[in-house]
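**Q** What follows is my_file-v2.cif; its format and atoms are mmCIF, C-alpha atoms.
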data_coords
loop_
_atom_site.label_atom_id
_atom_site.label_comp_id
_atom_site.auth_asym_id
_atom_site.auth_seq_id
_atom_site.Cartn_x
_atom_site.Cartn_y
_atom_site.Cartn_z
CA MET W 1459 -54.59 -131.21 112.83
CA ARG W 1460 -56.39 -131.76 116.11
CA TRP W 1461 -53.69 -134.23 117.27
CA GLY W 1462 -51.11 -131.70 116.26
CA LEU W 1463 -52.75 -129.01 118.38
CA LEU W 1464 -53.07 -131.37 121.38
CA VAL W 1465 -49.42 -132.32 121.16
CA ALA W 1466 -48.47 -128.68 120.87
CA ALA W 1467 -50.61 -127.83 123.91
CA CYS W 1468 -49.05 -130.62 125.99
CA SER W 1469 -45.55 -129.65 125.06
CA PHE W 1470 -46.28 -126.00 125.89
CA ARG W 1471 -47.38 -126.97 129.37
CA CYS W 1472 -44.53 -129.38 130.02
CA VAL W 1473 -41.60 -127.30 128.73
CA LYS W 1474 -39.87 -125.15 131.39
CA ARG W 1475 -39.11 -121.67 130.15
CA GLN W 1476 -35.43 -121.09 130.88
CA LEU W 1477 -34.30 -117.56 131.74
CA SER W 1478 -31.12 -116.42 130.09
CA PHE W 1479 -28.22 -115.36 132.32
CA PRO W 1480 -28.66 -111.58 131.87
CA GLN W 1481 -32.45 -111.93 132.27
CA GLN W 1482 -32.00 -113.85 135.53
CA TRP W 1483 -29.50 -111.28 136.77
CA ALA W 1484 -31.78 -108.34 135.88
CA THR W 1485 -34.73 -109.94 137.67
CA PHE W 1486 -33.06 -110.98 140.89
CA ALA W 1487 -30.31 -108.38 141.35
CA ARG W 1488 -30.51 -105.95 144.25
CA ALA W 1489 -30.87 -102.34 143.05
CA TRP W 1490 -29.82 -99.10 144.75
CA TYR W 1491 -32.33 -96.24 144.71
CA LEU W 1492 -31.84 -92.57 145.58
CA LEU W 1493 -34.53 -90.38 147.20
CA ASP W 1494 -34.32 -86.67 148.01
CA ALA W 1495 -36.21 -85.83 151.20
CA ARG W 1496 -35.99 -82.03 150.85
CA MET W 1497 -39.33 -80.36 151.80
CA GLN W 1498 -41.04 -83.79 151.96
CA PRO W 1499 -43.20 -85.16 154.78
CA PRO W 1500 -41.29 -88.01 156.48
CA GLY W 1501 -44.38 -90.26 156.43
CA LYS W 1502 -44.65 -90.23 152.65
CA ILE W 1503 -40.90 -90.77 152.29
CA ALA W 1504 -41.15 -93.74 154.66
CA ALA W 1505 -44.10 -95.26 152.76
CA VAL W 1506 -42.21 -95.25 149.45
CA THR W 1507 -39.00 -96.49 151.10
CA ALA W 1508 -40.64 -99.32 153.05
CA VAL W 1509 -42.19 -100.69 149.86
CA ARG W 1510 -38.78 -100.71 148.15
CA LEU W 1511 -36.96 -102.21 151.14
CA GLU W 1512 -39.42 -105.08 151.38
CA GLY W 1513 -39.34 -105.77 147.64
CA ARG W 1514 -43.09 -105.30 147.19
CA HIS W 1515 -42.50 -103.28 144.04
CA LYS W 1516 -41.30 -106.45 142.27
CA PRO W 1517 -43.58 -109.07 140.67
CA ILE W 1518 -41.27 -111.78 142.07
CA TYR W 1519 -41.92 -110.67 145.66
CA HIS W 1520 -42.14 -113.22 148.43
CA ALA W 1521 -41.72 -112.49 152.13
CA LEU W 1522 -39.03 -115.19 152.50
CA SER W 1523 -37.11 -114.52 149.27
CA ASP W 1524 -35.09 -111.57 150.66
CA CYS W 1525 -35.75 -109.56 147.48
CA GLY W 1526 -35.56 -106.06 148.99
CA ASP W 1527 -33.48 -103.27 147.47
CA HIS W 1528 -31.18 -100.63 148.91
CA VAL W 1529 -32.51 -97.10 149.38
CA VAL W 1530 -30.31 -94.04 149.94
CA ILE W 1531 -32.13 -91.00 151.35
CA ILE W 1532 -30.40 -87.60 151.23
CA ASN W 1533 -31.28 -84.22 152.79
CA THR W 1534 -33.04 -85.76 155.80
CA ARG W 1535 -32.16 -82.57 157.66
CA HIS W 1536 -34.61 -80.69 155.41
CA ILE W 1537 -37.79 -82.71 155.86
CA ALA W 1538 -41.03 -80.78 156.37
CA PHE W 1539 -43.75 -81.75 158.80
CA SER W 1540 -47.25 -80.37 158.20
CA GLY W 1541 -49.24 -78.62 160.91
CA ASN W 1542 -47.65 -78.16 164.34
CA LYS W 1543 -45.98 -81.57 164.45
CA TRP W 1544 -42.53 -80.10 165.05
CA GLU W 1545 -43.82 -78.93 168.45
CA GLN W 1546 -46.50 -81.54 169.16
CA LYS W 1547 -45.13 -84.88 167.94
CA VAL W 1548 -43.50 -86.75 170.81
CA TYR W 1549 -40.92 -89.52 170.54
CA SER W 1550 -40.72 -91.66 173.68
CA SER W 1551 -38.09 -94.08 174.85
CA HIS W 1552 -37.20 -95.95 178.03
CA SER W 1553 -33.66 -96.87 178.94
CA GLY W 1554 -34.77 -99.87 180.99
CA TYR W 1555 -33.68 -98.40 184.30
CA PRO W 1556 -36.21 -96.94 186.77
CA GLY W 1557 -36.83 -93.28 186.05
CA GLY W 1558 -35.48 -93.74 182.55
CA PHE W 1559 -38.59 -92.71 180.62
CA LYS W 1560 -37.71 -89.93 178.19
CA GLN W 1561 -40.08 -87.94 176.00
CA VAL W 1562 -38.66 -85.67 173.36
CA THR W 1563 -40.39 -83.42 170.82
CA ALA W 1564 -39.70 -83.85 167.11
CA THR W 1565 -37.71 -80.57 167.12
CA GLN W 1566 -35.42 -81.72 169.92
CA LEU W 1567 -34.87 -85.12 168.34
CA HIS W 1568 -34.15 -83.54 164.96
CA MET W 1569 -31.61 -81.14 166.46
CA LYS W 1570 -29.89 -84.04 168.25
CA ASP W 1571 -29.86 -86.38 165.23
CA PRO W 1572 -31.14 -85.21 161.81
CA THR W 1573 -31.65 -88.76 160.50
CA ALA W 1574 -33.52 -90.16 163.52
CA ILE W 1575 -37.03 -89.08 162.52
CA VAL W 1576 -36.88 -90.68 159.07
CA LYS W 1577 -35.19 -93.79 160.51
CA LEU W 1578 -37.86 -94.28 163.18
CA THR W 1579 -40.69 -93.67 160.72
CA ILE W 1580 -39.37 -96.28 158.28
CA TYR W 1581 -38.61 -98.77 161.08
CA ARG W 1582 -42.20 -98.53 162.30
CA MET W 1583 -43.64 -98.92 158.79
CA LEU W 1584 -41.76 -102.14 157.99
CA PRO W 1585 -43.39 -105.50 158.89
CA LYS W 1586 -42.70 -106.48 162.49
CA ASN W 1587 -40.67 -109.62 161.81
CA LEU W 1588 -37.07 -110.76 161.89
CA GLN W 1589 -36.42 -109.46 158.37
CA ARG W 1590 -36.99 -105.89 159.58
CA ARG W 1591 -33.43 -105.51 160.91
CA THR W 1592 -31.98 -106.81 157.64
CA MET W 1593 -34.08 -104.33 155.69
CA MET W 1594 -32.94 -101.48 157.96
CA GLN W 1595 -29.34 -102.43 157.20
CA ARG W 1596 -30.12 -101.82 153.53
CA LEU W 1597 -31.36 -98.30 154.31
CA HIS W 1598 -28.77 -95.50 154.08
CA LEU W 1599 -29.62 -92.07 155.49
CA PHE W 1600 -27.63 -88.89 154.98
CA PRO W 1601 -28.57 -85.53 156.53
CA ASP W 1602 -27.21 -83.50 153.58
CA ASP W 1603 -26.28 -83.83 149.91
CA VAL W 1604 -22.94 -85.48 150.68
CA ILE W 1605 -22.81 -89.18 149.82
CA PRO W 1606 -19.72 -91.41 150.06
CA GLU W 1607 -18.25 -92.36 146.68
CA ASP W 1608 -18.72 -96.10 146.95
CA ILE W 1609 -22.45 -95.68 147.57
CA GLN W 1610 -22.72 -93.09 144.80
CA LYS W 1611 -21.29 -95.60 142.31
CA ASN W 1612 -23.99 -98.14 143.12
CA LEU W 1613 -26.99 -95.86 142.54
CA VAL W 1614 -29.26 -96.95 139.73
CA GLU W 1615 -32.37 -94.75 139.77
CA GLU W 1616 -33.67 -91.67 141.50
CA LEU W 1617 -37.19 -92.10 142.86
CA PRO W 1618 -39.65 -89.22 142.25
CA GLN W 1619 -40.47 -87.08 145.28
CA PRO W 1620 -43.87 -87.97 146.76
CA ARG W 1621 -44.88 -84.34 147.37
CA ALA W 1622 -44.72 -81.56 144.77
CA VAL W 1623 -42.59 -78.82 146.35
CA PRO W 1624 -44.20 -75.35 145.92
CA LYS W 1625 -42.09 -72.51 144.54
CA ARG W 1626 -41.09 -69.70 146.90
CA LEU W 1627 -41.59 -66.09 145.87
CA ASP W 1628 -37.85 -65.45 145.55
CA GLU W 1629 -37.49 -68.51 143.29
CA TYR W 1630 -39.58 -66.91 140.54
CA THR W 1631 -37.60 -65.15 137.79
CA PRO W 1632 -38.24 -61.40 137.23
CA GLU W 1633 -39.71 -62.27 133.81
CA GLU W 1634 -42.30 -64.57 135.36
CA ILE W 1635 -43.17 -61.91 137.96
CA ALA W 1636 -43.55 -59.27 135.23
CA ALA W 1637 -45.65 -61.61 133.09
CA PHE W 1638 -48.16 -62.08 135.92
CA PRO W 1639 -50.77 -59.27 135.64
CA MET W 1640 -51.63 -56.87 138.48
CA VAL W 1641 -55.04 -57.96 139.66
CA TRP W 1642 -55.99 -54.63 141.28
CA THR W 1643 -54.86 -51.00 141.01
CA PRO W 1644 -54.88 -48.37 143.76
CA LEU W 1645 -57.52 -45.64 143.81
CA PHE W 1646 -56.40 -42.18 142.68
CA ALA W 1647 -57.56 -38.80 143.97
CA GLY W 1648 -61.13 -38.04 142.99
CA ASN W 1649 -61.85 -41.74 143.57
CA ARG W 1650 -60.80 -42.70 140.06
CA ARG W 1651 -59.67 -46.26 139.51
CA LEU W 1652 -57.09 -46.49 136.73
CA THR W 1653 -58.79 -48.75 134.24
CA HIS W 1654 -57.42 -48.50 130.74
CA TYR W 1655 -59.88 -50.83 129.11
CA GLY W 1656 -62.02 -48.10 127.56
CA GLN W 1657 -63.02 -45.55 130.18
CA ILE W 1658 -61.94 -44.19 133.50
CA HIS W 1659 -64.80 -44.81 135.89
CA ASN W 1660 -65.70 -42.25 138.52
CA ILE W 1661 -66.42 -44.33 141.57
CA LYS W 1662 -68.43 -42.67 144.34
CA VAL W 1663 -67.31 -43.57 147.84
CA ASP W 1664 -69.69 -42.88 150.72
CA HIS W 1665 -68.00 -41.47 153.81
CA MET T 854 -68.26 -37.65 163.41
CA ALA T 855 -69.14 -37.29 159.75
CA ALA T 856 -70.09 -33.62 159.61
CA PRO T 857 -66.82 -31.99 160.84
CA SER T 858 -64.70 -34.19 158.48
CA LEU T 859 -66.85 -33.21 155.51
CA LEU T 860 -66.57 -29.55 156.46
CA ARG T 861 -62.85 -29.85 156.91
CA GLY T 862 -62.45 -31.53 153.51
CA GLY T 863 -64.61 -28.97 151.79
CA LEU T 864 -62.86 -26.01 153.44
CA ARG T 865 -59.46 -27.41 152.52
CA ARG T 866 -60.45 -27.68 148.88
CA LEU T 867 -61.81 -24.10 148.93
CA PHE T 868 -58.63 -22.76 150.50
CA ALA T 869 -56.44 -24.72 148.09
CA GLY T 870 -58.29 -23.15 145.19
CA LEU T 871 -57.94 -19.63 146.68
CA VAL T 872 -54.33 -19.79 147.83
CA GLY T 873 -52.97 -21.62 144.81
CA ASN T 874 -54.07 -18.76 142.50
CA GLY T 875 -56.38 -21.00 140.55
CA ARG T 876 -53.57 -23.48 139.70
CA ALA T 877 -54.63 -27.16 139.69
CA SER T 878 -52.66 -29.02 142.37
CA PRO T 879 -51.24 -32.44 141.43
CA PRO T 880 -53.32 -35.44 142.64
CA ALA T 881 -52.53 -36.41 146.21
CA ARG T 882 -52.20 -40.15 145.48
CA ALA T 883 -51.07 -41.71 142.22
CA LEU T 884 -48.66 -44.33 140.91
CA ARG T 885 -45.32 -42.60 140.94
CA GLU T 886 -41.93 -43.48 139.63
CA VAL T 887 -38.85 -42.38 141.62
CA VAL T 888 -36.35 -40.60 139.34
CA GLU T 889 -32.94 -39.41 140.56
CA VAL T 890 -31.20 -36.75 138.42
CA THR T 891 -27.70 -35.42 139.24
CA GLU T 892 -26.73 -32.10 137.63
CA GLY T 893 -23.32 -31.03 138.86
CA ASN T 894 -23.70 -30.26 142.56
CA THR T 895 -27.46 -30.79 142.86
CA THR T 896 -29.23 -34.13 142.94
CA THR T 897 -32.96 -34.01 142.32
CA ILE T 898 -35.03 -36.96 143.53
CA GLU T 899 -38.48 -36.70 142.01
CA GLY T 900 -41.58 -38.83 142.17
CA ARG T 901 -42.94 -38.57 138.64
CA ILE T 902 -46.54 -39.62 138.18
CA ILE T 903 -47.12 -42.49 135.76
CA GLU T 904 -50.29 -41.61 133.91
CA ASP T 905 -50.29 -44.38 131.35
CA ALA T 906 -49.59 -47.52 133.34
CA GLU T 907 -50.32 -50.50 131.12
CA VAL T 908 -53.09 -52.53 132.71
CA PRO T 909 -54.24 -55.56 130.69
CA ALA T 910 -58.01 -55.91 130.48
CA PRO T 911 -59.50 -58.47 132.88
CA PRO T 912 -61.68 -61.18 131.25
CA ASN T 913 -64.78 -60.19 133.23
CA PRO T 914 -64.87 -56.38 133.70
CA SER T 915 -68.32 -56.47 135.27
CA GLY T 916 -67.05 -58.18 138.46
CA GLN T 917 -67.20 -56.42 141.80
CA CYS T 918 -63.84 -57.50 143.19
CA PRO T 919 -60.50 -58.25 141.47
CA ILE T 920 -60.95 -62.01 141.93
CA CYS T 921 -64.33 -62.02 140.16
CA ARG T 922 -63.01 -59.72 137.44
CA TRP T 923 -60.18 -62.10 136.62
CA ASN T 924 -62.36 -65.26 136.98
CA LEU T 925 -60.24 -66.66 139.79
CA LYS T 926 -63.13 -67.40 142.13
CA HIS T 927 -62.26 -70.99 143.16
CA LYS T 928 -59.04 -71.29 141.23
CA TYR T 929 -56.25 -70.19 143.58
CA ASP T 930 -54.38 -71.88 146.42
CA TYR T 931 -51.77 -71.06 149.05
CA VAL T 932 -49.16 -72.06 146.47
CA ASP T 933 -50.04 -69.20 144.06
CA VAL T 934 -47.66 -66.79 145.69
CA LEU T 935 -47.59 -64.40 142.69
CA LEU T 936 -51.28 -63.64 143.25
CA LEU T 937 -51.16 -63.57 147.05
CA SER T 938 -48.15 -61.24 147.14
CA GLN T 939 -50.24 -58.51 145.47
CA PHE T 940 -52.46 -58.23 148.54
CA ILE T 941 -49.80 -58.09 151.29
CA ARG T 942 -47.64 -55.38 152.84
CA SER T 943 -43.86 -55.61 152.90
CA ASP T 944 -43.91 -56.97 156.46
CA GLY T 945 -46.38 -59.75 155.54
CA GLY T 946 -49.69 -58.30 156.77
CA MET T 947 -52.81 -58.03 154.61
CA LEU T 948 -53.74 -54.77 152.92
CA PRO T 949 -57.13 -53.30 153.95
CA ARG T 950 -60.17 -54.33 151.97
CA LYS T 951 -61.09 -50.72 151.15
CA ILE T 952 -57.83 -50.26 149.27
CA THR T 953 -57.69 -53.56 147.42
CA GLY T 954 -61.41 -53.64 146.59
CA LEU T 955 -61.92 -57.31 147.49
CA CYS T 956 -65.29 -58.60 148.67
CA LEU T 957 -65.43 -59.86 152.26
CA GLU T 958 -65.37 -63.62 151.58
CA GLU T 959 -62.48 -63.38 149.10
CA HIS T 960 -60.55 -61.14 151.49
CA LYS T 961 -60.93 -63.74 154.24
CA LYS T 962 -59.93 -66.58 151.90
CA ILE T 963 -56.85 -64.71 150.72
CA ALA T 964 -55.96 -63.90 154.32
CA VAL T 965 -56.06 -67.61 155.18
CA CYS T 966 -54.01 -68.52 152.08
CA VAL T 967 -51.45 -65.83 152.96
CA GLN T 968 -51.16 -67.25 156.48
CA MET T 969 -50.62 -70.75 155.06
CA ALA T 970 -48.01 -69.43 152.63
CA HIS T 971 -46.15 -67.67 155.49
CA ARG T 972 -46.15 -70.84 157.57
CA ALA T 973 -44.90 -72.88 154.60
CA GLY T 974 -42.03 -70.41 154.16
CA LEU T 975 -43.09 -69.32 150.66
CA LEU T 976 -42.81 -65.58 151.41
CA PRO T 977 -39.29 -65.24 152.84
CA ASN T 978 -38.90 -61.50 152.11
CA HIS T 979 -42.16 -60.40 153.74
CA ARG T 980 -41.03 -60.75 157.32
CA PRO T 981 -41.81 -58.26 160.13
CA LEU T 982 -39.04 -55.80 160.95
CA LEU T 983 -37.00 -56.99 163.90
CA PRO T 984 -34.78 -54.71 166.00
CA GLU T 985 -31.15 -54.74 164.97
CA GLY T 986 -28.96 -57.40 166.49
CA HIS T 987 -31.89 -59.68 167.23
CA ILE T 988 -30.88 -63.35 167.08
CA PRO T 989 -33.79 -65.77 166.60
CA LYS T 990 -33.72 -68.46 169.30
CA LYS T 991 -36.02 -70.91 167.51
CA PRO T 992 -34.37 -73.43 165.16
CA LYS T 993 -35.36 -72.93 161.53
CA LEU T 994 -37.35 -75.98 160.44
CA ASN T 995 -39.23 -76.67 157.21
CA ARG T 996 -42.98 -76.66 157.43
CA GLN T 997 -45.71 -77.37 154.94
CA ALA T 998 -49.26 -76.09 155.09
CA ARG T 999 -52.16 -78.31 156.00
CA LEU T 1000 -54.82 -78.18 153.30
CA LYS T 1001 -58.01 -76.29 154.09
CA LYS T 1002 -61.50 -77.04 152.76
CA PHE T 1003 -61.59 -74.61 149.85
CA SER T 1004 -58.06 -75.07 148.52
CA LYS T 1005 -57.50 -76.71 145.15
CA GLY T 1006 -55.86 -79.88 146.41
CA SER T 1007 -58.60 -81.03 148.78
CA GLU T 1008 -61.95 -81.69 147.23
CA ILE T 1009 -64.77 -81.91 149.74
CA GLN T 1010 -64.81 -85.64 150.53
CA PRO T 1011 -67.99 -87.62 149.86
CA GLN T 1012 -69.58 -89.03 152.99
CA THR T 1013 -68.58 -92.68 153.33
CA PRO T 1014 -71.21 -94.98 154.87
CA PRO T 1015 -70.55 -95.78 158.55
CA ARG T 1016 -68.46 -98.88 159.17
CA TRP T 1017 -70.54 -100.11 162.14
CA PRO T 1018 -73.13 -101.66 162.15
CA LEU T 1019 -72.03 -103.81 159.22
CA PRO T 1020 -74.51 -103.81 156.37
CA ARG T 1021 -76.03 -107.28 156.10
CA LEU T 1022 -77.71 -108.53 153.00
CA HIS T 1023 -79.70 -111.60 154.07
CA ALA T 1024 -83.42 -111.25 154.57
CA GLY T 1025 -85.78 -113.14 156.88
CA CYS T 1026 -84.00 -113.73 160.19
CA ASN T 1027 -84.80 -111.17 162.90
CA CYS T 1028 -82.75 -112.60 165.75
CA PRO T 1029 -80.18 -110.26 167.42
CA MET T 1030 -77.28 -112.24 165.93
CA CYS T 1031 -78.34 -111.61 162.36
CA ILE T 1032 -79.57 -108.01 162.64
#
Produce structure tokens that represent the structure in this file.
**A**
Amino acid sequence: MRWGLLVAACSFRCVKRQLSFPQQWATFARAWYLLDARMQPPGKIAAVTAVRLEGRHKPIYHALSDCGDHVVIINTRHIAFSGNKWEQKVYSSHSGYPGGFKQVTATQLHMKDPTAIVKLTIYRMLPKNLQRRTMMQRLHLFPDDVIPEDIQKNLVEELPQPRAVPKRLDEYTPEEIAAFPMVWTPLFAGNRRLTHYGQIHNIKVDH
Amino acid sequence: MAAPSLLRGGLRRLFAGLVGNGRASPPARALREVVEVTEGNTTTIEGRIIEDAEVPAPPNPSGQCPICRWNLKHKYDYVDVLLLSQFIRSDGGMLPRKITGLCLEEHKKIAVCVQMAHRAGLLPNHRPLLPEGHIPKKPKLNRQARLKKFSKGSEIQPQTPPRWPLPRLHAGCNCPMCI
């Protein structure tokens, strides 16, 4: 029995586990992900995207294995910065010629090119090596909802948005608005507050 | 001054009683419903007083302000637009505290939350009236509010120990390198 166990243990260690063809394909194939950037901060979008572009979300990740995926980001025109970053965040560049230093606010850059902010943020979040340019080639940015058909056919999964978008007041249905109770009621003449839970209280107001 | 206003109020009430032949005048302020009735050539637009407005009972009737009465003391955020919209005017400003009945700290908190909601674009219909033909020059960009200390999302962070000087565990050596 003991010999049997030993032999079994040896064979377990020595035998290579072969992956089947579909298993191999599913593990090493390059996937296409979709991400909606509407009302999202560009930093959080970039963090999620950089992880996917590198391939760090896979257990088979290695820096040299080129295991990154494609990411398609839509609605980059509708990103939302917090605070006063639209006016205060500065993007600098130098053309290389003397006097060629340019500083542009986030608003100006966004008006000129609606995908530039997200592109720069992702570029700066990726590791600073030669694979960065290859990963950026696998990133596809679109300012609006419109995606070319050939890219649309490749999409596999939509990634969840990193920030929960709050509901605007005009997005609530009239039923929801009616269901929400009035928290206060206006004072009537004689300083009566309309309270229908039992009595009407006479409230004295000092002038 | 207080005295002339009191006199004026009192005199007005006396005169109203005398002139109106003892008839009770309708209350000056009440919840009214606008009703438009067309009979042939005449259209009557009337503000009928709603006496029996249905108000559900708050869970804590002994509270001093609406927030305490409804047990919402630390439970709301700039996102709860349905609550915040009850305390604002149609052009986005806050209603006075004497009308709403809020206590000072809750009034200030709601004012801050309303400002955050405006900046995040959650109250699009409560904008100030602009003159006709006014074209806004600023580009319309999405913004989100930065969380404040008392809002739901940000809990007050615990104080992390300082990173420098590094905490060292070995005992005995008192030389400057090891301390």
**Q** T:Gln917, T:Lys993, T:Leu948, T:Ala998: which is nearest His1536 in chain W, counting all atoms listed in the file?
**A**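 Result for the nearest residue to His1536 in chain W: T:Lys993.
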**Q** Could you state the separation of CA of Tyr931 in chain T and CA of Met969 in chain T in Å, given to one decimal place?
**A** 6.1 Å
**Q** Separation of CA of Thr1485 in chain W and CA of Ala1505 in chain W, in Å?
**A** 23.0 Å
**Q** For each of T:Gly986, T:Gly974, T:Pro992, T:Gly946, take the minimum atom-to-atom distance to Val1623 in chain W, counting only C-alpha atoms, then give the residue where this is smallest.
**A**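 Of all the options, T:Gly974 lies closest to Val1623 in chain W.
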**Q** By how many Å are CA of Val967 in chain T and CA of Gln1546 in chain W apart?
**A**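 These atoms are spaced 23.1 Å apart.
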**Q** Any chance you could resolve the PyMOL selection byres ((chain T and resi 938) around 12) against this file and give the residues as a ChimeraX atom specification?
**A** /W:1626-1628,1635,1638-1642 /T:931-937,939-948,963-964,966-968,970-971,975-979
**Q** Would you list the contacts of range 918-922 of chain T as a list in words, taking every protein, DNA or RNA residue within 10 Å and counting only C-alpha atoms, but skipping same-chain residues closer than 2 positions in sequence?
**A**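 My reading of the contact set: Met1640, Val1641, Trp1642 and Thr1643 of chain W; Ala910, Pro911, Pro912, Asn913, Pro914, Ser915, Gly916, Asn924, Leu925, Lys926, His927, Lys928, Tyr929, Leu936, Thr953, Gly954, Leu955, Cys956, Leu957, Glu959 and His960 of chain T.
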**Q** As a check of understanding, name the residues that the PyMOL selection byres ((chain W and resi 1597) around 7) selects in the supplied structure, as a list in words.
**A**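 Against this file, the PyMOL selection byres ((chain W and resi 1597) around 7) returns the residues His1528, Val1529, Val1530, Met1593, Met1594, Gln1595, Arg1596, His1598 and Leu1599 of chain W.
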**Q** Just to be explicit: take each residue in the selection above, keep C-alpha atoms, and write the result as a PDB file, in the frame of the given file.
**A**
ATOM      1  CA  HIS W1528     -31.180-100.630 148.910  1.00  0.00           C
ATOM      2  CA  VAL W1529     -32.510 -97.100 149.380  1.00  0.00           C
ATOM      3  CA  VAL W1530     -30.310 -94.040 149.940  1.00  0.00           C
ATOM      4  CA  MET W1593     -34.080-104.330 155.690  1.00  0.00           C
ATOM      5  CA  MET W1594     -32.940-101.480 157.960  1.00  0.00           C
ATOM      6  CA  GLN W1595     -29.340-102.430 157.200  1.00  0.00           C
ATOM      7  CA  ARG W1596     -30.120-101.820 153.530  1.00  0.00           C
ATOM      8  CA  HIS W1598     -28.770 -95.500 154.080  1.00  0.00           C
ATOM      9  CA  LEU W1599     -29.620 -92.070 155.490  1.00  0.00           C
TER      10      LEU W1599
END
**Q** I want to know what sits within 8 Å of Val1614 in chain W, based on all atoms listed in the file, with residues of the same chain fewer than 3 positions away left out; could you give that as a list in words?
**A** Ala1489, Trp1490, Tyr1491 and Leu1492 of chain W
**Q** Which is closer to chain T than all the others in W:Asp1524, W:Glu1545, W:Asp1494, W:Glu1615, using only C-alpha atoms?
**A**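 Looking at the shortest contact to chain T, the residue is W:Glu1545.
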**Q** Running the PyMOL selection byres ((chain W and resi 1574) around 12) on this model by hand, what would come out? Give it as a tab-separated table (two decimals) with C-alpha atoms, keeping the file's coordinate frame.
**A**
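expr_7.tsv written:
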chain	number	residue	atom	x	y	z
W	1500	PRO	CA	-41.29	-88.01	156.48
W	1534	THR	CA	-33.04	-85.76	155.80
W	1535	ARG	CA	-32.16	-82.57	157.66
W	1537	ILE	CA	-37.79	-82.71	155.86
W	1549	TYR	CA	-40.92	-89.52	170.54
W	1562	VAL	CA	-38.66	-85.67	173.36
W	1564	ALA	CA	-39.70	-83.85	167.11
W	1565	THR	CA	-37.71	-80.57	167.12
W	1566	GLN	CA	-35.42	-81.72	169.92
W	1567	LEU	CA	-34.87	-85.12	168.34
W	1568	HIS	CA	-34.15	-83.54	164.96
W	1569	MET	CA	-31.61	-81.14	166.46
W	1570	LYS	CA	-29.89	-84.04	168.25
W	1571	ASP	CA	-29.86	-86.38	165.23
W	1572	PRO	CA	-31.14	-85.21	161.81
W	1573	THR	CA	-31.65	-88.76	160.50
W	1575	ILE	CA	-37.03	-89.08	162.52
W	1576	VAL	CA	-36.88	-90.68	159.07
W	1577	LYS	CA	-35.19	-93.79	160.51
W	1578	LEU	CA	-37.86	-94.28	163.18
W	1579	THR	CA	-40.69	-93.67	160.72
W	1580	ILE	CA	-39.37	-96.28	158.28
W	1581	TYR	CA	-38.61	-98.77	161.08
W	1598	HIS	CA	-28.77	-95.50	154.08
W	1599	LEU	CA	-29.62	-92.07	155.49
W	1600	PHE	CA	-27.63	-88.89	154.98
W	1601	PRO	CA	-28.57	-85.53	156.53
**Q** Using the file's own x, y and z axes, what box holds all listed atoms of range 1543-1548 of chain W with 5 Å on each side, keeping edges along x, y and z, and what are its centre and edge lengths in Å to one decimal, as AutoDock Vina command-line options?
**A**
--center_x -44.5 --center_y -82.8 --center_z 167.6 --size_x 14.0 --size_y 17.8 --size_z 16.4
